[in-house]
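Visitor: Coordinates in data09.tsv, TSV, C-alpha atoms and all ligand atoms, are listed below.
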chain	number	residue	atom	x	y	z
G	1	MET	CA	85.90	100.16	86.73
G	2	THR	CA	85.49	102.69	83.90
G	3	ASP	CA	82.01	103.81	82.90
G	4	PHE	CA	82.63	102.28	79.52
G	5	ASN	CA	83.41	98.84	80.93
G	6	GLN	CA	80.48	99.16	83.29
G	7	SER	CA	78.20	99.90	80.37
G	8	LEU	CA	79.54	96.83	78.54
G	9	GLN	CA	78.99	94.66	81.60
G	10	ASP	CA	75.46	95.97	81.94
G	11	LEU	CA	74.56	94.81	78.43
G	12	ARG	CA	72.61	91.63	78.99
G	13	GLU	CA	70.16	89.81	76.82
G	14	SER	CA	68.07	86.90	77.89
G	15	TYR	CA	67.51	84.22	75.30
G	16	ASP	CA	63.91	83.25	75.10
G	17	GLN	CA	63.16	82.01	71.60
G	18	GLN	CA	62.26	78.53	70.39
G	19	PRO	CA	64.49	75.83	71.89
G	20	LEU	CA	66.30	73.43	69.59
G	21	ARG	CA	65.65	69.80	70.39
G	22	ARG	CA	67.28	66.66	69.03
G	23	ALA	CA	63.96	65.59	67.53
G	24	ASP	CA	63.76	68.86	65.54
G	25	LEU	CA	67.06	68.28	63.73
G	26	ALA	CA	67.30	67.12	60.15
G	27	PRO	CA	69.68	64.14	59.81
G	28	ASP	CA	71.58	66.08	57.13
G	29	PRO	CA	73.11	69.37	58.42
G	30	LEU	CA	72.82	70.92	54.96
G	31	VAL	CA	69.05	70.47	55.19
G	32	GLN	CA	69.11	71.96	58.69
G	33	PHE	CA	71.27	74.86	57.47
G	34	ARG	CA	68.98	75.54	54.54
G	35	GLN	CA	66.02	75.70	56.95
G	36	TRP	CA	67.82	78.14	59.27
G	37	MET	CA	68.96	80.30	56.35
G	38	GLN	CA	65.37	80.39	55.13
G	39	ASP	CA	64.25	81.40	58.64
G	40	ALA	CA	66.83	84.23	58.61
G	41	ILE	CA	65.66	85.39	55.18
G	42	ASP	CA	62.00	85.23	56.25
G	43	ALA	CA	62.81	87.19	59.43
G	44	LYS	CA	64.31	89.89	57.15
G	45	ILE	CA	67.48	90.19	59.19
G	46	TYR	CA	70.16	92.35	57.59
G	47	ASP	CA	72.50	90.46	55.22
G	48	PRO	CA	71.38	86.95	56.29
G	49	ASN	CA	73.95	85.36	53.98
G	50	ALA	CA	76.89	87.36	55.41
G	51	CYS	CA	79.28	85.25	57.45
G	52	SER	CA	82.76	85.48	58.91
G	53	LEU	CA	85.40	83.44	57.16
G	54	ALA	CA	88.56	82.67	59.13
G	55	THR	CA	91.74	81.51	57.42
G	56	VAL	CA	95.26	81.05	58.76
G	57	ASP	CA	98.53	82.32	57.39
G	58	GLN	CA	101.66	80.22	57.02
G	59	SER	CA	102.60	80.87	60.64
G	60	GLY	CA	99.21	79.60	61.81
G	61	ARG	CA	97.95	83.09	62.67
G	62	PRO	CA	94.22	83.49	61.98
G	63	THR	CA	92.39	86.28	60.15
G	64	ALA	CA	88.61	86.60	59.97
G	65	ARG	CA	86.66	88.72	57.53
G	66	ALA	CA	83.11	88.79	56.15
G	67	VAL	CA	82.09	87.14	52.90
G	68	LEU	CA	78.69	86.43	51.38
G	69	LEU	CA	77.41	82.90	50.96
G	70	LYS	CA	76.29	82.63	47.35
G	71	GLY	CA	75.11	79.05	47.09
G	72	LEU	CA	74.90	75.52	48.35
G	73	GLU	CA	76.08	73.07	45.71
G	74	ALA	CA	75.93	69.32	46.36
G	75	GLY	CA	76.67	69.70	50.06
G	76	LYS	CA	79.25	72.47	49.67
G	77	PHE	CA	79.07	76.15	50.66
G	78	VAL	CA	79.98	78.60	47.88
G	79	PHE	CA	81.51	82.07	48.20
G	80	TYR	CA	83.34	84.33	45.75
G	81	SER	CA	86.45	86.44	46.05
G	82	ASN	CA	89.66	87.61	44.46
G	83	TYR	CA	92.34	84.93	43.92
G	84	ASN	CA	95.07	87.56	44.51
G	85	SER	CA	93.69	88.58	47.91
G	86	ARG	CA	95.20	87.90	51.30
G	87	LYS	CA	92.60	85.20	52.01
G	88	ALA	CA	93.43	83.53	48.69
G	89	ALA	CA	97.13	83.47	49.64
G	90	HIS	CA	96.19	81.87	52.95
G	91	LEU	CA	93.95	79.32	51.23
G	92	SER	CA	96.62	78.34	48.70
G	93	ALA	CA	98.91	77.35	51.55
G	94	ASN	CA	96.27	76.01	53.93
G	95	PRO	CA	92.74	75.21	52.74
G	96	HIS	CA	91.26	74.84	56.25
G	97	VAL	CA	88.65	77.47	57.15
G	98	SER	CA	86.07	78.30	59.74
G	99	MET	CA	82.86	79.96	58.53
G	100	HIS	CA	80.53	81.55	61.08
G	101	PHE	CA	76.98	82.80	60.56
G	102	PRO	CA	76.09	85.36	63.26
G	103	TRP	CA	72.30	85.37	63.32
G	104	PHE	CA	72.32	87.10	66.71
G	105	SER	CA	68.92	88.76	66.37
G	106	MET	CA	67.48	85.25	66.09
G	107	GLN	CA	69.59	84.05	69.04
G	108	ARG	CA	71.31	81.66	66.67
G	109	GLN	CA	74.73	80.99	65.25
G	110	VAL	CA	76.13	78.34	62.93
G	111	SER	CA	79.83	77.42	62.77
G	112	ILE	CA	81.25	75.38	59.93
G	113	LEU	CA	84.72	73.85	59.67
G	114	GLY	CA	86.14	72.34	56.52
G	115	GLU	CA	88.47	72.71	53.58
G	116	VAL	CA	88.08	74.76	50.44
G	117	THR	CA	88.69	74.07	46.77
G	118	ARG	CA	88.22	76.49	43.88
G	119	VAL	CA	84.96	76.35	41.95
G	120	GLU	CA	84.95	75.53	38.23
G	121	GLU	CA	85.59	78.51	35.95
G	122	SER	CA	82.18	77.91	34.37
G	123	LEU	CA	80.36	78.39	37.69
G	124	ALA	CA	82.41	81.52	38.54
G	125	GLU	CA	81.71	82.87	35.06
G	126	GLU	CA	78.00	82.24	35.37
G	127	TYR	CA	77.78	83.94	38.77
G	128	PHE	CA	80.03	86.84	37.71
G	129	GLN	CA	77.80	87.62	34.76
G	130	SER	CA	74.72	87.63	37.04
G	131	ARG	CA	76.20	90.43	39.20
G	132	PRO	CA	75.17	94.08	38.74
G	133	TYR	CA	77.15	95.88	36.03
G	134	LEU	CA	79.00	98.26	38.37
G	135	SER	CA	80.02	95.37	40.66
G	136	ARG	CA	81.51	93.62	37.64
G	137	ILE	CA	83.49	96.76	36.81
G	138	GLY	CA	84.50	97.05	40.46
G	139	ALA	CA	86.02	93.58	40.31
G	140	TRP	CA	88.46	94.89	37.68
G	141	ALA	CA	89.16	98.14	39.55
G	142	SER	CA	90.15	96.66	42.91
G	143	GLU	CA	93.42	94.84	43.56
G	144	GLN	CA	91.90	93.38	46.68
G	145	SER	CA	94.14	93.41	49.79
G	146	GLN	CA	96.97	95.35	48.06
G	147	PRO	CA	98.02	98.78	49.38
G	148	LEU	CA	96.20	101.70	47.75
G	149	ASP	CA	97.67	105.19	47.70
G	150	SER	CA	94.35	107.07	47.61
G	151	ARG	CA	90.61	106.83	47.08
G	152	GLU	CA	91.13	108.81	43.87
G	153	SER	CA	93.37	106.06	42.43
G	154	LEU	CA	90.62	103.51	43.05
G	155	GLU	CA	88.00	105.68	41.39
G	156	LYS	CA	90.37	106.29	38.46
G	157	SER	CA	90.86	102.51	38.03
G	158	PHE	CA	87.10	102.09	38.10
G	159	LEU	CA	86.57	104.68	35.34
G	160	GLU	CA	89.40	103.18	33.30
G	161	ALA	CA	87.89	99.70	33.58
G	162	ARG	CA	84.50	101.04	32.54
G	163	GLU	CA	86.10	102.76	29.55
G	164	LYS	CA	88.08	99.67	28.59
G	165	PHE	CA	85.37	97.02	28.91
G	166	GLY	CA	82.23	98.98	28.01
G	167	GLU	CA	78.90	97.28	28.53
G	168	HIS	CA	80.14	93.69	28.76
G	169	PRO	CA	83.05	93.31	31.17
G	170	PRO	CA	84.46	89.76	31.15
G	171	LYS	CA	85.20	87.97	34.41
G	172	PRO	CA	88.71	88.93	35.55
G	173	PRO	CA	90.96	85.85	35.53
G	174	HIS	CA	91.81	86.51	39.19
G	175	TRP	CA	88.17	86.53	40.28
G	176	GLY	CA	86.50	83.28	41.28
G	177	GLY	CA	84.88	81.22	43.94
G	178	TYR	CA	85.48	78.58	46.53
G	179	TYR	CA	83.62	75.50	47.68
G	180	LEU	CA	83.77	74.91	51.40
G	181	HIS	CA	83.50	71.14	51.95
G	182	PRO	CA	82.13	70.90	55.50
G	183	ARG	CA	83.61	68.41	57.99
G	184	SER	CA	81.62	69.72	60.94
G	185	ILE	CA	78.67	72.07	61.37
G	186	GLU	CA	77.47	73.32	64.73
G	187	PHE	CA	74.02	74.83	65.33
G	188	TRP	CA	73.57	77.03	68.39
G	189	GLN	CA	70.24	78.27	69.70
G	190	GLY	CA	70.15	80.57	72.73
G	191	GLY	CA	68.20	79.30	75.74
G	192	PRO	CA	67.10	80.70	79.10
G	193	ASN	CA	69.61	80.96	81.98
G	194	ARG	CA	72.50	80.47	79.53
G	195	LEU	CA	71.34	76.88	79.00
G	196	HIS	CA	71.75	77.13	75.26
G	197	ASP	CA	71.20	74.28	72.82
G	198	ARG	CA	74.23	73.20	70.79
G	199	PHE	CA	74.33	70.38	68.28
G	200	LEU	CA	77.49	69.38	66.46
G	201	TYR	CA	77.30	67.40	63.22
G	202	GLN	CA	80.56	65.67	62.32
G	203	LEU	CA	81.35	63.74	59.19
G	204	VAL	CA	82.52	60.29	60.31
G	205	GLU	CA	83.11	57.70	57.57
G	206	GLU	CA	80.89	59.64	55.17
G	207	GLN	CA	78.02	59.71	57.69
G	208	TRP	CA	76.86	62.70	59.73
G	209	LYS	CA	77.07	61.97	63.45
G	210	ILE	CA	75.15	64.34	65.77
G	211	THR	CA	76.36	65.19	69.28
G	212	ARG	CA	74.75	67.55	71.77
G	213	LEU	CA	77.35	69.81	73.40
G	214	ASN	CA	77.33	71.63	76.71
G	215	PRO	CA	76.60	75.28	76.20
G	301	LIG	C1	78.94	92.13	54.74
G	301	LIG	C2	80.22	91.94	53.95
G	301	LIG	C3	80.25	91.05	52.90
G	301	LIG	C4	81.43	90.84	52.17
G	301	LIG	N1	81.43	89.91	51.17
G	301	LIG	C5	82.60	89.63	50.53
G	301	LIG	C6	82.65	88.56	49.57
G	301	LIG	O1	81.66	87.85	49.31
G	301	LIG	N2	83.83	88.33	48.97
G	301	LIG	C7	84.95	89.05	49.25
G	301	LIG	O2	86.00	88.80	48.66
G	301	LIG	N3	84.94	90.06	50.16
G	301	LIG	C8	83.79	90.35	50.81
G	301	LIG	N4	83.75	91.36	51.75
G	301	LIG	C9	85.02	92.08	52.04
G	301	LIG	C10	85.87	91.19	52.97
G	301	LIG	O3	85.35	91.20	54.29
G	301	LIG	C11	87.35	91.58	52.99
G	301	LIG	O4	87.50	92.94	53.34
G	301	LIG	C12	88.02	91.34	51.63
G	301	LIG	O5	87.58	90.13	51.05
G	301	LIG	C13	89.53	91.30	51.77
G	301	LIG	O6	89.89	90.29	52.68
G	301	LIG	P1	91.37	89.70	52.73
G	301	LIG	O7	92.30	90.88	52.58
G	301	LIG	O8	91.51	89.04	54.05
G	301	LIG	O9	91.52	88.75	51.58
G	301	LIG	C14	82.60	91.58	52.49
G	301	LIG	C15	82.55	92.49	53.57
G	301	LIG	C16	81.38	92.67	54.28
G	301	LIG	C17	81.38	93.62	55.45
Can you give me the file's structure in the form of structure tokens?
Guide:
Amino acid sequence: MTDFNQSLQDLRESYDQQPLRRADLAPDPLVQFRQWMQDAIDAKIYDPNACSLATVDQSGRPTARAVLLKGLEAGKFVFYSNYNSRKAAHLSANPHVSMHFPWFSMQRQVSILGEVTRVEESLAEEYFQSRPYLSRIGAWASEQSQPLDSRESLEKSFLEAREKFGEHPPKPPHWGGYYLHPRSIEFWQGGPNRLHDRFLYQLVEEQWKITRLNP
């Protein structure tokens, strides 16, 4: 075995934090999620609202990338992106996604499955205008997921957008958000001896059903 593989195999953590018990769970997984997100924020972990979002292309091949969760609205998870991006092309053809929160330093993860729809223009507009000025300019400068010939071209587009829009850049028409409507949400808490706690919430006839899963 190579030294590198040996060093990977020697990496071992034992999970020793609070267990998760059935009696601790909120009946509504959105309430449970909100509590865990608050725990992650309070623990000051880096980017607690960063998650992986997996989509599939028209051949069923998956792609995962990070996005930031920017809200919970009436039971839906909200994130923002570029409607001309690769993920947007995937979502137009197939709205099914997997969203994964990797709160590893807390020995926790949450996995959400569901379908997305686009948020109302008014909500996207409101959030866009709340972003820092240079991020708003950046949204105009980047043709997300398209080939780019050089870093200089990107910086030139940025300066051009700043020149064109001045102090009050409008929301680009291709910039917006998605609601993820969850169908299942799994909470995972690491436990000793790899006996982790897993609880799966599934939406069955409009009711959340909770099942404990083997780790
Ligand atoms: C921590 C982190 C947060 C990110 N947040 C977002 C986001 O909220 N929206 C977004 O469009 N891209 C975000 N990105 C960039 C995406 O991961 C990705 O590179 C980009 O959206 C293009 O993906 P696509 O080509 O698959 O569409 C983030 C990247 C990182 C590392």
Visitor: Hey, can you check how far CA of Gly166 in chain G sits from CA of Glu152 in chain G?
Guide: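 For CA of Gly166 in chain G relative to CA of Glu152 in chain G, the distance reads 20.7 Å.
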Visitor: Would you compute an axis-aligned box for ligand LIG 301 (chain G), covering every atom listed for it in the file with 5 Å of margin on each side, and report centre and edge lengths in Å to one decimal as lines of an AutoDock Vina configuration file?
Guide:
center_x = 85.6
center_y = 90.7
center_z = 52.1
size_x = 23.4
size_y = 15.8
size_z = 16.8
Visitor: In Å to one decimal, how far is CA of His96 in chain G from CA of Pro215 in chain G?
Guide: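 These two atoms are separated by 24.8 Å.
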Visitor: State, in Å with one decimal place, the distance from CA of Gly114 in chain G to CA of Pro29 in chain G.
Guide: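 Going from CA of Gly114 in chain G over to CA of Pro29 in chain G covers 13.5 Å.
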Visitor: Which residue out of G:Trp36, G:Tyr83, G:Trp140, G:Phe77 has the minimum interatomic distance to ligand LIG 301 (chain G) when all atoms listed in the file are used?
Guide: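 Residue with the minimum atom-to-atom distance to ligand LIG 301 (chain G): G:Tyr83.
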Visitor: Could you check the closest approach to Leu69 in chain G for each of G:Ala23, G:Leu180, G:Val56, G:Ala89 and tell me which residue wins, using all atoms listed in the file?
Guide: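 Result for the nearest residue to Leu69 in chain G: G:Leu180.
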Visitor: Throw together the list of residues within 12 Å of ligand LIG 301 (chain G), counting all atoms listed in the file, and drop it here as number ranges by chain.
Guide: G: 46-57, 62-71, 78-92, 101-102, 127-128, 131, 135, 138-139, 142-147, 174-178
